[in-house]
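Chemist: I'd like to ask you about the structure that follows.
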Amino acid sequence: MASTLITNSWLVFSVTLFTLIFLAFFAYNLNNTTTQDLNTTVEQHALPLKPPLSSATTINANIKHSNTVANNIKKKRKNGSLLRIEEDLAKAREAIRRAIRRRNFTSEKEEIFVPRGCVYRNAYAFHQSHIEMVKRFKVWTYKEGEPPLVHDGPMNSIYGIEGHFMAELENAASPFSARHPDEAHVYMLPISVAHIVHYLYRPLTTYSRDQLMRITIDYTSIIAHRYPYWNRSKGGDHFLASCHDWKVWELQAPDISREESGKELFKNLIRVLCNANTSEGFMPERDVSIPEMNLQNFKLSSPIPGQDPHNRSILVFFAGGAHGRIREILLKHWKDKDKEVQVHEYLPKGLDYHGLMGQSKFCLCPSGYEVASPRLVESINAGCVPVIVSDYYQLPFSDVLDWSKFSLHIPSKRIAEIKTILKSVPEAKYLKLQKRVMKVQRHFVLNRPAKPFDAFHMILHSIWLRRLNIRLPQ
C-alpha cells in the first residue's frame with residue numbers, strides 16, 4: 001500500500017512539472033512574436049514612439065476632441081439647414097416664373113380669392129408668390145428681452161400697425177411662426193421704436209436718438225454674438241418693423257463711433273417702415289413700405305360704407321392739422337375757401353369725418369411731418385379715390401399694386417392747381433378709379449388673426465419678396 005502511494009505521488013509530480021515547463025515555453029514564444037509584430041507595424045507606418053500620457057492629459061485631449069466633433073456636427077447641421085432653406089426658395093422662384101410663363105397658378109388647395117385685373121402689376125406672379133409664401137415662409141422672432149421695449153408694441157394709435165404685426169408673428173399659432181431658428185427664412189428683431197420713445201423719452205426733454213440707438217445696437221450685438229444667423233448674412237435676412245417717425249438708422253446721436261458702428265451694423269437690414277421716404281435713405285429694392293393706420297379704441301381697419309359713386313356730391317375732401325410743409329401750403333391755398341374743395345384744419349362740430357369721406361369723390365392724402373399718412377388707408381376704406389400729395393413717398397405694396405390704376409398723384413408744387421386737375425378728370429375715368437379702389441380694399445384690411453391677402457399678408461409678402469432676392473453663401 002505504501003508502495004502504491006509513493007508511485008502515485010511521483011506520477012502527479014511529473015505531470016505538474018511538465019505542465020509548468022510547457023506554459024513557460026508558450027509564454028516566451030508569444031511575447032517574442034507580439035513584440036516583433038508590433039515593431040513591424042510601427043516601422044511600416046513610420047509612427048514616432050511617444051511616452052504614455054498622464055491621466056489628466058488624456059482627459060483634456062478627449063474633451064478637446066469631443067468639442068471639435070460636436071462643433072463639426074453643429075456646423076454640418078447648420079449648413080444643411082441653410083442648404084434646405086436655399087433649395088426651398090429656389091423652388092418658389094421657379095414656381096413663380098412658371099406661373100408667369102403659363103399665365104396661370106398652381107396650388108395644392110382650392111384658392112378662395114384669385115387676383116386679377118390691371119390693379120396688379122402681374123396678377124399671375126403675385127398669386128403664385130402668395131401661394132408659395134403661405135406654403136413655405138417661416139419667420140423666427142428672437143426671444144431675448146422683455147416688454148415693453150421689446151416683444152410689445154402699440155395697438156392703438158397711428159403707430160398701431162407696428163404692435164399688431166409684431167403680435168401676429170409672435171403668436172405660436174401663426175402658420176408663419178418658425179419652431180426653430182434653423183427652419184426660418186427670415187428673422188425679426190422684436191424691438192418697438194414707438195415704445196422706446198414712449199417709455200424712455202417721456203417727458204420729452206431731448207430729441208437725441210442716443211438711447212434709442214443704444215438699445216437697438218446692443219440688442220442686435222447680443223443676438224449676433226449668441227447666434228450664427230445675423231453674421232452669416234450680415235443682417236441681410238433680418239428685419240425690424242417700425243411706424244414711428246423716429247428712425248434708428250438716421251443715427252443722430254452725438255457719439256461718432258456709435259454712429260459709424262450703427263451704420264455698419266444696419267446697412268443690410270430689411271427696414272419695414274411706414275415712413276418710406278426715398279430722400280432719407282429708404283431703398284425700395286431692400287426695404288418695405290407699410291401702410292400707416294389710425295387705429296382708435298383698438299378697432300381694426302376695415303371698409304366703411306359710403307355713397308354710391310354716382311351720388312357723391314363733394315369733389316374733394318381733407319381735414320387735418322398743419323403738420324409739415326406740404327399741409328401748411330395746402331391749408332394756405334384751400335382752407336375753408338371752396339365748397340367743392342372742402343379743406344379744413346379742424347372739422348366744425350356736428351360734421352362726421354368718415355361720413356364726409358364717404359360723400360367725396362376724391363380724398364386728399366398729403367404728407368404730414370413725414371411722408372406717410374393714415375388718410376391713404378382711410379380713403380380706400382371709404383371708397384374714395386386717394387389723391388396723394390407727397391414727394392419722395394414709396395407707396396405700400398408697390399411691388400404688387402399699380403397705384404396709378406386706382407389713385408392720383410399731385411406733387412406738392414402743384415397744390416394750387418388741385419381743383420383744376422380734379423375737375424379735368426372725366427367721369428368715366430373717375431368711375432374706373434373708384435371701382436378699382438373697391439377692388440383693392442381687401443389688401444388694406446387688418447384682421448386678427450390674419451387672413452389671406454389682407455394687410456398683414458401683404459406686409460409679410462413684401463418681406464418674402466426681399467428674401468427671394470437674397471441668396472446666402474453656403
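Numbering starts fresh at 1 for the residues of each chain in the C-alpha cells, the chains themselves are lettered A, B, ... in the order given, and ligands are numbered from 1 as they appear.
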Just list the residues in range 148-281 of chain A DSSP gives strand (DSSP E) on the backbone, as a list of chain:residue names.
Modeler: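 Output for range 148-281 of chain A, strand (DSSP E) only: A:Val186, A:Tyr187, A:Met188, A:His238, A:Phe239, A:Leu240, A:Ala241, A:Ser242, A:Ile270, A:Arg271, A:Val272, A:Leu273.
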Chemist: Please list as a PyMOL selection string every residue within 12 Å of Lys135 in chain A, counting only C-alpha atoms and excluding residues in the same chain fewer than 2 positions away.
Modeler: chain A and resi 88-89+91-92+95+106-109+128-133+137-138+175-176+452+464
Chemist: Please provide the set of residues having any atom within 6 Å of range 294-306 of chain A, restricted to only C-alpha atoms, with same-chain residues fewer than 6 positions apart removed, written as a list in words.
Modeler: Asn156, Ser157, Ile158, Gly160, Gly358, Pro374, Asn381, Ala382, Val445 and Leu446 of chain A
Chemist: Mind the document's chain letters and residue numbers, and return as a ChimeraX atom specification the residues of range 50-214 of chain A that DSSP labels helix (DSSP H, G or I).
Modeler: /A:55-102,123-136,160-170,181-183,193-200,210-214
Chemist: Of the candidates A:Ile459, A:Ala172, A:Asp237, A:Lys335, which one gets nearest to Cys274 in chain A if we count only C-alpha atoms?
Modeler: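 With only C-alpha atoms as the atom set, the closest residue is A:Ile459.
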Chemist: With distances taken over only C-alpha atoms, which of A:Glu264, A:Asp402, A:Glu417, A:Glu168 is nearest to Lys451 in chain A?
Modeler: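 Among the listed residues, the smallest separation from Lys451 in chain A belongs to A:Glu168.
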Chemist: Name the residues in contact with range 391-393 of chain A at a cut-off of 12 Å, using only C-alpha atoms, excluding same-chain residues fewer than 4 positions from it; report them as a ChimeraX atom specification.
Modeler: /A:273-284,288-291,325-326,365-368,370-373,376,398,409-415
Chemist: Would you mind telling me which residue in A:Ile100, A:Leu395, A:Leu408, A:Leu240 lies nearest to Thr220 in chain A when using only C-alpha atoms?
Modeler: A:Leu240
Chemist: Report as a PyMOL selection string all protein, DNA and RNA residues lying within 6 Å of Val385 in chain A, evaluated on only C-alpha atoms, omitting residues in the same chain fewer than 3 positions from it.
Modeler: chain A and resi 362+407+434
Chemist: Keeping N, CA, C and O atoms, export the residues of the selection given above as a PDB file, in the first residue's frame.
Modeler:
ATOM      1  N   PHE A 362     -63.001 112.326 -54.364  1.00  0.00           N
ATOM      2  CA  PHE A 362     -61.559 112.253 -54.139  1.00  0.00           C
ATOM      3  C   PHE A 362     -61.240 112.668 -52.707  1.00  0.00           C
ATOM      4  O   PHE A 362     -61.904 113.543 -52.156  1.00  0.00           O
ATOM      5  N   SER A 407     -55.506 105.488 -58.026  1.00  0.00           N
ATOM      6  CA  SER A 407     -55.233 106.716 -57.274  1.00  0.00           C
ATOM      7  C   SER A 407     -54.648 107.769 -58.202  1.00  0.00           C
ATOM      8  O   SER A 407     -54.280 107.467 -59.348  1.00  0.00           O
ATOM      9  N   GLN A 434     -62.608 104.528 -59.035  1.00  0.00           N
ATOM     10  CA  GLN A 434     -63.356 104.204 -57.823  1.00  0.00           C
ATOM     11  C   GLN A 434     -63.645 102.703 -57.735  1.00  0.00           C
ATOM     12  O   GLN A 434     -63.547 102.101 -56.657  1.00  0.00           O
TER      13      GLN A 434
END
Chemist: Can you work out which one of A:Val134, A:Val343, A:Leu149, A:Val186 has the shortest atom-to-atom distance to Trp230 in chain A, counting only C-alpha atoms?
Modeler: A:Val186
Chemist: Write out as a ChimeraX atom specification which residues come within 9 Å of Ser221 in chain A when counting only C-alpha atoms, dropping same-chain ones fewer than 5 positions away.
Modeler: /A:216,226,265
Chemist: Could you check how far CA of Tyr227 in chain A sits from CA of Leu465 in chain A, in Å to one decimal?
Modeler: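 Going from CA of Tyr227 in chain A over to CA of Leu465 in chain A, I get 24.3 Å.
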Chemist: Expressed in Å to a single decimal, how great is the separation between CA of Ile96 in chain A and CA of Glu285 in chain A?
Modeler: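 Calculated distance between CA of Ile96 in chain A and CA of Glu285 in chain A is 18.3 Å.
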Chemist: Using only C-alpha atoms, find the one residue out of A:Leu460, A:Leu82, A:Leu472, A:Ala123 that sits nearest to Leu169 in chain A.
Modeler: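 Closest to Leu169 in chain A of all the choices is A:Leu460.
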Chemist: Within 8 Å of Glu340 in chain A, counting only C-alpha atoms, which residues qualify if same-chain residues fewer than 4 places away don't, as a PDB file with N, CA and C atoms, in the first residue's frame?
Modeler:
ATOM      1  N   ILE A 314     -69.396 115.764 -53.037  1.00  0.00           N
ATOM      2  CA  ILE A 314     -68.193 116.554 -52.742  1.00  0.00           C
ATOM      3  C   ILE A 314     -67.084 116.152 -53.709  1.00  0.00           C
ATOM      4  N   LEU A 315     -66.475 117.143 -54.357  1.00  0.00           N
ATOM      5  CA  LEU A 315     -65.399 116.826 -55.294  1.00  0.00           C
ATOM      6  C   LEU A 315     -64.189 116.255 -54.568  1.00  0.00           C
ATOM      7  N   VAL A 316     -63.720 116.961 -53.524  1.00  0.00           N
ATOM      8  CA  VAL A 316     -62.523 116.525 -52.812  1.00  0.00           C
ATOM      9  C   VAL A 316     -62.605 116.975 -51.357  1.00  0.00           C
TER      10      VAL A 316
END
Chemist: Rounded to one decimal place, report the CA of Glu292 in chain A-CA of His164 in chain A distance in Å.
Modeler: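 CA of His164 in chain A lies 12.1 Å from CA of Glu292 in chain A.
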